[in-house]
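**Q** Structure below; questions to follow.
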Amino acid sequence: MDHQSNLRIQDLQAEVDDAVSCSTKAQVAQCARLLATYVALYKHKFGELSHAEYAELGAQITNSLEFGEAVYSSGLQELLETLALVEVHDIDSPPAAGTSRTIN
C-alpha cells in the first residue's frame with residue numbers, strides 16, 4: 001500500500017471513529033441492522049460464498065494491496081454513509097404511530 005493510500009485509510013478510519021463516537025447506541029445499532037440487511041440481500045441474490053471463495057478473496061486481498069485497499073475503503077465509506085442515513089432520520093425521536101424503527 002502506498003503512502004497516499006495508507007493516509008486515505010487512516011483518514012477514513014478516523015472519520016468512522018468520530019462518526020461512531022458522536023452517534024447514540026441506538027443509531028449504531030440501526031446502522032448495524034441496515035448493513036446486515038445489505039449483506040443478507042447480497043446473499044439472497046448471489047448466494048453464500050463458499051470456503052474456497054472466501055479463501056480466493058483473501059488471497060486477492062493479500063496479493064493485491066490495491067484491491068484490498070479499495071475493498072476496505074469502500075466498506076468504511078459504506079459504513080459512514082449508512083450511519084449518516086440513520087442520523088438524518090433521527091431514530092432517537094419517537095416514531096410516528098404505526099411505524100417501525102426497523103426496515104422490515
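A note on labels: chains of the C-alpha cells are A, B, ... as shown, every chain counts residues from 1, and ligands are counted from 1 in their shown order.
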Enumerate as a PyMOL selection string all residues of chain A assigned to alpha helix (DSSP H) by DSSP on the backbone, naming them with the chain letters and numbers the document uses.

**A** chain A and resi 3-21+25-46+51-63+65-88

**Q** Tell me, in Å to one decimal, how far atom CA of Gln13 of chain A is from atom CA of Ala29 of chain A.

**A**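 Atom CA of Ala29 of chain A lies 18.7 Å from atom CA of Gln13 of chain A.
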
**Q** Residues at most 9 Å from Leu12 of chain A, counting only C-alpha atoms, excluding those fewer than 2 positions away in the same chain, as a PyMOL selection string?

**A** chain A and resi 7-10+14-17+73+76-77+80

**Q** Could you please take those selected residues and save C-alpha atoms as a PDB file, in the first residue's frame?

**A**
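Now in part-v4.pdb:
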ATOM      1  CA  LEU A   7      -3.262   8.103   4.620  1.00  0.00           C
ATOM      2  CA  ARG A   8      -6.659   7.711   2.912  1.00  0.00           C
ATOM      3  CA  ILE A   9      -7.386   4.604   5.001  1.00  0.00           C
ATOM      4  CA  GLN A  10      -6.276   6.360   8.195  1.00  0.00           C
ATOM      5  CA  ALA A  14     -10.641   8.441  11.934  1.00  0.00           C
ATOM      6  CA  GLU A  15     -13.853   9.640  10.283  1.00  0.00           C
ATOM      7  CA  VAL A  16     -15.591   6.372  11.205  1.00  0.00           C
ATOM      8  CA  ASP A  17     -14.321   6.640  14.800  1.00  0.00           C
ATOM      9  CA  SER A  73     -12.078   1.860   1.775  1.00  0.00           C
ATOM     10  CA  LEU A  76     -15.592   2.169   5.518  1.00  0.00           C
ATOM     11  CA  GLN A  77     -17.353   4.556   3.138  1.00  0.00           C
ATOM     12  CA  LEU A  80     -20.141   6.221   7.036  1.00  0.00           C
TER      13      LEU A  80
END

**Q** Can you tell me which residues surround segment 53-67 of chain A at a distance of at most 12 Å, considering only C-alpha atoms, apart from same-chain residues fewer than 2 positions away, and format the answer as a ChimeraX atom specification?

**A** /A:1-6,9,47-51,69-74

**Q** Which residue, A:His44, A:Glu78, A:Leu83, A:Gly68, has the smallest gap to Val28 of chain A when you use only C-alpha atoms?

**A**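 Smallest separation from Val28 of chain A among the options: A:Leu83.
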